[in-house]
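Text of my_file-v6.csv (CSV, C-alpha atoms and all ligand atoms) as supplied:
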chain,number,residue,atom,x,y,z
A,125,MET,CA,78.5,61.4,193.0
A,126,LYS,CA,74.9,61.9,192.0
A,127,LEU,CA,75.0,65.3,193.7
A,128,GLN,CA,78.2,66.2,192.0
A,129,LEU,CA,76.7,65.3,188.6
A,130,GLU,CA,73.6,67.4,189.3
A,131,SER,CA,75.6,70.4,190.4
A,132,ILE,CA,77.7,70.1,187.2
A,133,ARG,CA,74.6,70.0,185.1
A,134,ASN,CA,73.2,73.2,186.9
A,135,ALA,CA,76.5,75.0,186.7
A,136,ALA,CA,76.9,74.2,183.0
A,137,LYS,CA,73.3,75.4,182.4
A,138,ASP,CA,73.9,78.7,184.2
A,139,LEU,CA,77.1,79.4,182.4
A,140,LEU,CA,75.7,78.5,179.0
A,141,GLU,CA,72.8,80.8,179.4
A,142,LYS,CA,75.2,83.8,179.7
A,143,VAL,CA,77.6,83.0,176.8
A,144,SER,CA,77.4,85.3,173.8
A,145,SER,CA,80.3,84.3,171.6
A,146,LYS,CA,81.8,81.2,170.1
A,147,GLN,CA,85.0,81.6,172.2
A,148,GLU,CA,83.0,81.7,175.4
A,149,LEU,CA,81.1,78.7,174.3
A,150,GLU,CA,84.3,76.8,173.6
A,151,ALA,CA,85.6,77.7,177.0
A,152,VAL,CA,82.5,76.3,178.7
A,153,ARG,CA,82.8,73.1,176.7
A,154,ILE,CA,86.4,72.6,177.7
A,155,LYS,CA,85.6,73.4,181.3
A,156,PHE,CA,83.0,70.5,181.5
A,157,LEU,CA,83.6,68.2,178.6
A,158,GLY,CA,87.3,68.7,177.8
A,159,LYS,CA,90.0,66.2,178.5
A,160,LYS,CA,90.5,67.6,182.0
A,161,GLY,CA,86.9,68.8,182.2
A,162,GLU,CA,84.8,68.4,185.3
A,163,LEU,CA,82.5,65.8,183.9
A,164,THR,CA,85.4,63.9,182.4
A,165,LEU,CA,87.1,63.7,185.7
A,166,ILE,CA,84.0,62.3,187.4
A,167,LEU,CA,83.7,59.6,184.7
A,168,ARG,CA,87.2,58.6,185.5
A,169,GLN,CA,86.2,58.0,189.1
A,170,MET,CA,83.5,55.4,188.0
A,171,GLY,CA,85.9,52.6,188.7
A,172,SER,CA,86.0,53.3,192.4
A,173,LEU,CA,82.2,52.9,192.7
A,174,HIS,CA,80.4,49.9,194.0
A,175,PRO,CA,79.7,47.7,191.0
A,176,GLU,CA,75.9,48.0,191.5
A,177,GLU,CA,76.1,51.7,191.5
A,178,ARG,CA,78.1,51.9,188.3
A,179,PRO,CA,75.3,51.5,185.6
A,180,LYS,CA,73.1,54.0,187.4
A,181,MET,CA,75.8,56.6,187.7
A,182,GLY,CA,77.0,55.8,184.2
A,183,SER,CA,73.7,56.5,182.6
A,184,LEU,CA,73.2,59.6,184.8
A,185,ALA,CA,76.6,60.9,183.7
A,186,ASN,CA,75.7,60.2,180.0
A,187,GLU,CA,72.5,62.1,180.4
A,188,VAL,CA,74.3,65.1,181.9
A,189,ARG,CA,76.8,65.0,179.0
A,190,GLU,CA,74.1,64.8,176.4
A,191,TYR,CA,72.2,67.6,178.2
A,192,ILE,CA,75.3,69.8,178.1
A,193,GLU,CA,76.0,68.9,174.5
A,194,ALA,CA,72.5,69.7,173.4
A,195,ILE,CA,72.6,73.2,175.0
A,196,ILE,CA,76.0,73.8,173.4
A,197,GLU,CA,74.6,72.9,170.0
A,198,LYS,CA,71.6,75.1,170.4
A,199,LYS,CA,73.7,78.0,171.6
A,200,THR,CA,76.1,77.5,168.6
A,201,GLU,CA,73.2,77.9,166.2
A,202,GLU,CA,71.9,81.0,168.1
A,203,ILE,CA,75.3,82.6,168.1
A,204,GLU,CA,75.9,81.9,164.4
A,205,ALA,CA,72.5,83.3,163.5
A,206,SER,CA,73.1,86.5,165.4
A,207,GLU,CA,76.6,86.9,164.0
A,208,ARG,CA,75.2,86.5,160.5
A,209,GLU,CA,72.6,89.1,161.2
A,210,SER,CA,75.0,91.6,162.5
A,211,ARG,CA,77.3,91.0,159.6
A,212,ILE,CA,74.5,91.7,157.2
A,213,LYS,CA,73.5,94.8,159.1
A,214,ALA,CA,77.1,96.1,159.0
A,215,GLU,CA,77.4,95.5,155.3
A,216,THR,CA,74.2,97.2,154.3
A,217,ILE,CA,74.7,100.1,152.0
A,218,ASP,CA,72.4,103.0,152.2
A,219,VAL,CA,72.3,104.2,148.6
A,220,THR,CA,70.5,107.4,149.7
A,221,VAL,CA,73.4,108.7,151.8
A,222,PRO,CA,74.9,111.7,150.0
A,223,GLY,CA,78.4,111.0,148.7
A,224,ILE,CA,81.7,112.5,149.9
A,225,LEU,CA,82.7,115.2,147.5
A,226,HIS,CA,86.4,114.9,146.4
A,227,PRO,CA,87.7,118.2,145.0
A,228,LEU,CA,88.6,117.5,141.4
A,229,GLY,CA,91.6,119.1,139.8
A,230,HIS,CA,91.4,120.5,136.3
A,231,ARG,CA,93.7,121.6,133.5
A,232,HIS,CA,96.2,124.4,134.0
A,233,PRO,CA,95.5,127.5,131.9
A,234,LEU,CA,98.7,126.9,129.9
A,235,SER,CA,97.5,123.3,129.1
A,236,ILE,CA,94.1,124.6,128.1
A,237,VAL,CA,95.6,127.1,125.6
A,238,LEU,CA,98.2,124.6,124.4
A,239,ASP,CA,95.5,122.1,123.7
A,240,GLU,CA,93.6,124.7,121.7
A,241,VAL,CA,96.8,125.5,119.7
A,242,LYS,CA,97.4,121.8,119.0
A,243,GLU,CA,93.8,121.4,117.9
A,244,ILE,CA,94.0,124.3,115.5
A,245,PHE,CA,97.2,123.0,113.8
A,246,LEU,CA,96.2,119.3,113.8
A,247,GLY,CA,93.1,120.5,112.0
A,248,MET,CA,95.4,122.0,109.3
A,249,GLY,CA,97.3,118.8,108.8
A,250,PHE,CA,100.3,119.4,111.1
A,251,LYS,CA,101.8,116.6,113.2
A,252,ILE,CA,103.2,117.0,116.7
A,253,ALA,CA,106.9,116.6,117.2
A,254,THR,CA,109.1,116.7,120.4
A,255,GLY,CA,112.7,117.1,121.3
A,256,PRO,CA,114.8,117.0,124.4
A,257,GLU,CA,114.9,119.8,126.9
A,258,ILE,CA,118.6,119.1,127.6
A,259,GLU,CA,120.0,119.8,124.2
A,260,TRP,CA,123.4,119.9,122.4
A,261,ASP,CA,124.8,123.3,121.7
A,262,TYR,CA,124.9,122.1,118.1
A,263,TYR,CA,121.1,121.8,117.8
A,264,ASN,CA,120.2,124.8,119.9
A,265,PHE,CA,122.6,127.2,118.2
A,266,GLU,CA,125.2,125.9,115.8
A,267,ALA,CA,122.8,124.1,113.3
A,268,LEU,CA,120.5,127.1,113.5
A,269,ASN,CA,123.1,129.4,112.1
A,270,ILE,CA,124.1,130.8,115.4
A,271,PRO,CA,127.9,130.0,115.7
A,272,LYS,CA,129.9,130.5,118.8
A,273,ASN,CA,130.4,134.3,119.6
A,274,HIS,CA,127.3,135.2,117.5
A,275,PRO,CA,125.6,138.1,119.3
A,276,ALA,CA,122.2,136.2,119.2
A,277,ARG,CA,123.6,134.0,121.9
A,278,ASP,CA,123.7,137.0,124.3
A,279,THR,CA,119.9,137.3,124.2
A,280,GLN,CA,119.5,133.6,124.8
A,281,ASP,CA,121.8,133.0,127.7
A,282,THR,CA,121.0,129.7,129.4
A,283,PHE,CA,122.0,127.0,131.9
A,284,TYR,CA,125.0,125.0,130.7
A,285,ILE,CA,125.5,121.4,131.7
A,286,THR,CA,128.8,121.1,129.9
A,287,ASP,CA,130.4,123.4,127.3
A,288,ASN,CA,128.4,121.5,124.7
A,289,MET,CA,125.2,120.7,126.5
A,290,LEU,CA,122.6,123.1,127.8
A,291,LEU,CA,119.0,123.6,128.6
A,292,ARG,CA,117.4,124.6,125.3
A,293,THR,CA,116.6,128.3,124.9
A,294,GLN,CA,114.0,127.7,122.2
A,295,THR,CA,112.1,124.9,120.5
A,296,SER,CA,113.8,125.7,117.2
A,297,PRO,CA,116.3,122.8,117.7
A,298,VAL,CA,113.4,120.5,117.0
A,299,GLN,CA,113.4,121.8,113.5
A,300,ILE,CA,116.8,120.3,112.8
A,301,ARG,CA,116.0,117.1,114.6
A,302,VAL,CA,112.8,116.6,112.5
A,303,MET,CA,114.5,117.5,109.2
A,304,GLU,CA,117.3,115.0,110.0
A,305,HIS,CA,114.8,112.2,110.4
A,306,SER,CA,112.3,112.9,107.7
A,307,GLN,CA,111.8,113.9,104.1
A,308,PRO,CA,109.6,116.7,102.9
A,309,PRO,CA,106.7,117.3,103.0
A,310,ILE,CA,107.2,118.2,106.6
A,311,ARG,CA,104.4,119.9,108.6
A,312,ILE,CA,105.0,119.8,112.4
A,313,ILE,CA,104.4,121.8,115.5
A,314,ALA,CA,106.7,121.2,118.5
A,315,PRO,CA,105.5,122.4,121.8
A,316,GLY,CA,107.7,122.3,124.9
A,317,ARG,CA,109.6,123.9,127.8
A,318,VAL,CA,112.5,126.2,127.2
A,319,TYR,CA,114.9,127.9,129.5
A,320,ARG,CA,116.7,131.2,129.7
A,321,SER,CA,118.9,132.7,132.4
A,322,ASP,CA,116.3,135.5,133.1
A,323,ALA,CA,115.3,136.8,136.5
A,324,ILE,CA,111.6,136.3,137.3
A,325,ASP,CA,109.3,139.2,136.9
A,326,ALA,CA,105.8,139.9,135.4
A,327,THR,CA,106.9,139.1,131.9
A,328,HIS,CA,110.0,136.9,132.4
A,329,SER,CA,110.6,133.5,133.7
A,330,PRO,CA,113.7,131.2,133.6
A,331,LEU,CA,111.3,128.5,132.4
A,332,PHE,CA,108.6,129.1,129.8
A,333,HIS,CA,107.0,127.3,126.8
A,334,GLN,CA,107.2,127.7,123.1
A,335,ILE,CA,105.4,126.1,120.2
A,336,GLU,CA,107.6,125.7,117.2
A,337,GLY,CA,106.1,125.3,113.7
A,338,LEU,CA,107.9,124.0,110.6
A,339,VAL,CA,106.7,123.4,107.1
A,340,VAL,CA,109.1,122.2,104.4
A,341,ASP,CA,108.0,121.3,100.9
A,342,LYS,CA,108.5,122.2,97.3
A,343,GLY,CA,107.4,125.8,96.5
A,344,VAL,CA,106.6,126.9,100.0
A,345,THR,CA,106.4,130.7,100.2
A,346,MET,CA,106.0,133.6,102.6
A,347,GLY,CA,102.4,133.8,101.4
A,348,ASP,CA,101.8,130.3,102.8
A,349,LEU,CA,103.3,131.3,106.1
A,350,LYS,CA,101.0,134.4,106.3
A,351,GLY,CA,97.9,132.4,105.5
A,352,ILE,CA,98.6,129.8,108.1
A,353,LEU,CA,99.4,132.4,110.7
A,354,MET,CA,96.2,134.4,109.9
A,355,GLN,CA,94.1,131.2,110.3
A,356,PHE,CA,95.9,130.6,113.6
A,357,ALA,CA,95.3,134.1,114.9
A,358,GLN,CA,91.6,134.2,114.0
A,359,ARG,CA,90.9,130.7,115.4
A,360,MET,CA,92.7,131.8,118.6
A,361,TYR,CA,91.4,135.3,119.1
A,362,GLY,CA,88.3,135.6,117.0
A,363,ASP,CA,87.4,136.0,113.3
A,364,ASN,CA,87.8,139.8,113.4
A,365,THR,CA,91.4,139.5,114.4
A,366,LYS,CA,93.9,141.2,112.0
A,367,ILE,CA,97.5,140.3,111.7
A,368,ARG,CA,100.6,142.4,110.8
A,369,LEU,CA,104.0,141.1,109.9
A,370,ARG,CA,106.9,143.3,110.8
A,371,PRO,CA,110.4,142.8,109.4
A,372,HIS,CA,112.7,141.3,112.0
A,373,HIS,CA,115.9,139.3,112.2
A,374,PHE,CA,116.5,135.7,113.3
A,375,PRO,CA,119.7,133.9,112.2
A,376,PHE,CA,117.8,130.8,111.1
A,377,THR,CA,115.2,132.4,108.9
A,378,GLU,CA,115.5,134.7,105.9
A,379,PRO,CA,113.5,136.8,105.5
A,380,SER,CA,112.3,137.0,109.2
A,381,CYS,CA,109.4,138.8,110.7
A,382,GLU,CA,107.5,139.2,113.9
A,383,MET,CA,103.7,138.9,113.9
A,384,ASP,CA,101.3,141.2,115.8
A,385,VAL,CA,97.6,140.6,116.2
A,386,SER,CA,95.1,143.4,116.5
A,387,CYS,CA,94.3,143.9,120.2
A,388,PHE,CA,91.2,141.8,120.9
A,389,ARG,CA,90.4,144.1,123.8
A,390,CYS,CA,90.1,147.3,122.0
A,391,GLY,CA,90.0,146.1,118.4
A,392,GLY,CA,93.0,148.3,117.6
A,393,ALA,CA,91.9,151.6,119.1
A,394,GLY,CA,94.5,151.4,121.9
A,395,CYS,CA,94.0,150.3,125.6
A,396,PRO,CA,96.1,149.3,128.6
A,397,MET,CA,96.2,145.7,127.3
A,398,CYS,CA,98.1,146.6,124.1
A,399,LYS,CA,99.9,149.5,125.8
A,400,ASN,CA,97.9,151.9,123.5
A,401,GLU,CA,99.5,150.4,120.4
A,402,GLY,CA,96.4,148.6,119.1
A,403,TRP,CA,98.7,145.6,118.3
A,404,ILE,CA,100.1,142.8,120.3
A,405,GLU,CA,103.2,140.9,119.3
A,406,ILE,CA,102.7,137.1,119.6
A,407,LEU,CA,105.4,135.3,117.6
A,408,GLY,CA,108.5,135.2,115.5
A,409,ALA,CA,108.6,133.6,112.1
A,410,GLY,CA,110.3,133.5,108.7
A,411,MET,CA,111.4,131.4,105.7
A,412,VAL,CA,113.8,128.7,106.8
A,413,HIS,CA,117.4,129.8,106.0
A,414,PRO,CA,118.9,127.7,103.2
A,415,LYS,CA,121.9,126.9,105.5
A,416,VAL,CA,119.5,125.5,108.1
A,417,LEU,CA,117.8,123.3,105.5
A,418,GLU,CA,121.2,122.0,104.5
A,419,ASN,CA,122.1,121.4,108.2
A,420,GLY,CA,118.9,119.3,108.4
A,421,GLY,CA,119.9,117.3,105.3
A,422,ILE,CA,117.5,119.0,103.0
A,423,ASN,CA,118.4,120.4,99.6
A,424,PRO,CA,117.6,124.1,99.5
A,425,ASP,CA,117.6,124.2,95.7
A,426,ILE,CA,114.6,121.8,95.7
A,427,TYR,CA,112.8,122.6,98.9
A,428,SER,CA,111.8,125.7,100.8
A,429,GLY,CA,110.1,126.1,104.1
A,430,TYR,CA,108.8,128.4,106.8
A,431,ALA,CA,109.1,128.3,110.6
A,432,PHE,CA,107.5,130.1,113.4
A,433,GLY,CA,107.8,130.2,117.2
A,434,VAL,CA,105.0,131.2,119.6
A,435,GLY,CA,105.3,131.9,123.3
A,436,LEU,CA,102.7,129.9,125.1
A,437,GLU,CA,102.7,132.1,128.2
A,438,ARG,CA,102.1,135.3,126.0
A,439,LEU,CA,99.3,133.6,124.2
A,440,THR,CA,97.6,132.7,127.5
A,441,LEU,CA,98.2,136.0,129.2
A,442,PHE,CA,96.4,137.8,126.4
A,443,LYS,CA,93.7,135.1,126.0
A,444,TYR,CA,92.6,135.5,129.6
A,445,SER,CA,93.7,139.1,130.2
A,446,ILE,CA,96.2,138.1,132.9
A,447,ASP,CA,98.9,140.7,133.7
A,448,ASP,CA,101.5,138.7,135.5
A,449,MET,CA,103.2,135.5,134.2
A,450,ARG,CA,104.3,134.5,137.7
A,451,LEU,CA,100.7,133.5,138.4
A,452,PHE,CA,101.2,130.5,136.0
A,453,PHE,CA,103.9,129.0,138.2
A,454,GLU,CA,102.8,129.8,141.7
A,455,ASN,CA,100.1,127.1,141.8
A,456,ASP,CA,97.7,129.2,143.8
A,457,LEU,CA,94.3,127.5,143.5
A,458,LYS,CA,92.5,130.8,143.9
A,459,PHE,CA,94.0,131.7,140.5
A,460,LEU,CA,94.0,128.3,138.8
A,461,THR,CA,90.4,127.4,139.5
A,462,GLN,CA,89.2,130.4,137.5
A,463,PHE,CA,89.9,128.8,134.1
A,501,LIG,N1,113.1,130.6,118.2
A,501,LIG,C1,112.7,132.0,118.1
A,501,LIG,C2,112.8,132.6,119.5
A,501,LIG,O1,112.8,131.9,120.5
A,501,LIG,C3,111.4,132.2,117.5
A,501,LIG,C4,111.3,131.7,116.1
A,501,LIG,C5,111.0,130.4,115.7
A,501,LIG,C6,111.6,132.6,115.0
A,501,LIG,C7,111.0,130.0,114.4
A,501,LIG,C8,111.5,132.3,113.7
A,501,LIG,C9,111.2,131.0,113.4
A,501,LIG,O2,112.7,133.8,119.6
Could you rewrite the structure in this file as structure tokens?
Ligand code: PHE
Amino acid sequence: MKLQLESIRNAAKDLLEKVSSKQELEAVRIKFLGKKGELTLILRQMGSLHPEERPKMGSLANEVREYIEAIIEKKTEEIEASERESRIKAETIDVTVPGILHPLGHRHPLSIVLDEVKEIFLGMGFKIATGPEIEWDYYNFEALNIPKNHPARDTQDTFYITDNMLLRTQTSPVQIRVMEHSQPPIRIIAPGRVYRSDAIDATHSPLFHQIEGLVVDKGVTMGDLKGILMQFAQRMYGDNTKIRLRPHHFPFTEPSCEMDVSCFRCGGAGCPMCKNEGWIEILGAGMVHPKVLENGGINPDIYSGYAFGVGLERLTLFKYSIDDMRLFFENDLKFLTQF
């Protein structure tokens, strides 16, 4: 038995020297000291020894157990220390390593110009209003003095959801919605998407954006409209920009006009940008038709107003000398990152 105990001690010592993890350590402990471990089994055999032998063997067995336990304890500490160290090493952050560059997106050219437009009008006391893109025929046409079968509907063919519900062809329906919900003085711009049943080419898209403007108050005149539009044009395209109002027709304004700005490329002399005209058309406008004021619940005998509608794509094309509107919607990064 003495020999057995010694060989257990040596075997345990050899094995323990090689362990490098807590699991291995636990396996060795079980192998020798566990319920069915080698040392435990020996201790169970004590009873079969000669009574004189028992105390000697007993103390030798205890010694071996303590010996093994001591090594296990020491090894546990060593392993824990080295685990701690490697954890610290793994968690070390080298603050001098160059970062990973994530490509950052940026604003779309249409958003850049829209923000500029908003900024200009907010600065002049306008508020921003919105309306739905899926609109009732009533707001898009009827209330704007465009009854069924009016020829103006031909130029604004759109996508119908039902006979009475459509994708709005203009932001003008927001005029009615705003008037219905507020009392003068009204000063709003209403930017948003509009839709028309147009084939896509360099200057047409079935989806585009407009910015509507509406001012209603006592004594508002065409002169006020002209002043505001002049401010807008000069802030947008530079202080030397001239404007020109040409008579036009819209069913919901009377009188109506279109506004041209002097070509910011050639200053009016004529160039490919303005098709040699020296002028570029950028918006439609006019004095709100009395019937339209009435449809919005406003008394035309007391109040008057003006409205205008700007095409955001046109503004942006000219601002950046872009010659094809399709570029705005193709999402080609080579184009978009230039702005
Ligand atoms: N809604 C008109 C269009 O889409 C533009 C416009 C708005 C004209 C407001 C006059 C007043 O063509």
Open item on the list: With all atoms listed in the file as the counted atoms, please give the residues lying no more than 7 Å from stretch 180-194 of chain A, apart from itself and same-chain residues fewer than 6 positions off, as a PyMOL selection string.
Closed with: chain A and resi 126+129+133+136
Task: Within 9 Å of ligand LIG 501 (chain A) (all atoms listed in the file), residues as a PyMOL selection string - done: chain A and resi 280+293-297+299+318+334-338+373-377+380-382+407-412+430-435
TODO: Kindly extract all protein, DNA and RNA residues lying within 10 Å of the coordinates (92.4, 144.8, 114.0) given in the file, considering only C-alpha atoms, and supply them as a ChimeraX atom specification.
DONE: /A:364-368,384-388,390-393,402-403
Store the residues of this selection in a file with C-alpha atoms, as an mmCIF file, in the coordinates of the input.
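After the write, part_2.cif holds the following:
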data_model
loop_
_atom_site.group_PDB
_atom_site.id
_atom_site.type_symbol
_atom_site.label_atom_id
_atom_site.label_comp_id
_atom_site.auth_asym_id
_atom_site.auth_seq_id
_atom_site.Cartn_x
_atom_site.Cartn_y
_atom_site.Cartn_z
ATOM 1 C CA ASN A 364 87.800 139.800 113.400
ATOM 2 C CA THR A 365 91.400 139.500 114.400
ATOM 3 C CA LYS A 366 93.900 141.200 112.000
ATOM 4 C CA ILE A 367 97.500 140.300 111.700
ATOM 5 C CA ARG A 368 100.600 142.400 110.800
ATOM 6 C CA ASP A 384 101.300 141.200 115.800
ATOM 7 C CA VAL A 385 97.600 140.600 116.200
ATOM 8 C CA SER A 386 95.100 143.400 116.500
ATOM 9 C CA CYS A 387 94.300 143.900 120.200
ATOM 10 C CA PHE A 388 91.200 141.800 120.900
ATOM 11 C CA CYS A 390 90.100 147.300 122.000
ATOM 12 C CA GLY A 391 90.000 146.100 118.400
ATOM 13 C CA GLY A 392 93.000 148.300 117.600
ATOM 14 C CA ALA A 393 91.900 151.600 119.100
ATOM 15 C CA GLY A 402 96.400 148.600 119.100
ATOM 16 C CA TRP A 403 98.700 145.600 118.300
#
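The coordinates place atom CA of A:Met383 at 8.4 Å from atom CA of A:Leu353.
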TODO: Find, counting all atoms listed in the file, the residue in A:Glu202, A:Glu378, A:Asp425, A:Asp448 that gets nearest to A:Asn269.
DONE: A:Glu378
TODO: Choose the residue, out of A:Met170, A:Thr200, A:Ile446, A:Asn134, that has the smallest atom-to-atom separation from A:Thr327; count all atoms listed in the file.
DONE: A:Ile446
Open item on the list: Quick one: residues within 10 Å of A:Gln355, all atoms listed in the file, excluding same-chain residues fewer than 3 positions away - as a PyMOL selection string?
Closed with: chain A and resi 244-245+248+350-352+358-360+362-363+365+367
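For the set A:Leu140, A:Leu451, A:Ile426, A:Ile212, the residue with the smallest atom-to-atom gap to A:Gly343 is A:Ile426, counting only C-alpha atoms.
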Open item on the list: Could you list, as a PyMOL selection string, every residue within 12 Å of A:Asp287, counting only C-alpha atoms and ignoring same-chain residues fewer than 3 positions away?
Closed with: chain A and resi 259-262+272+282-284+290-291
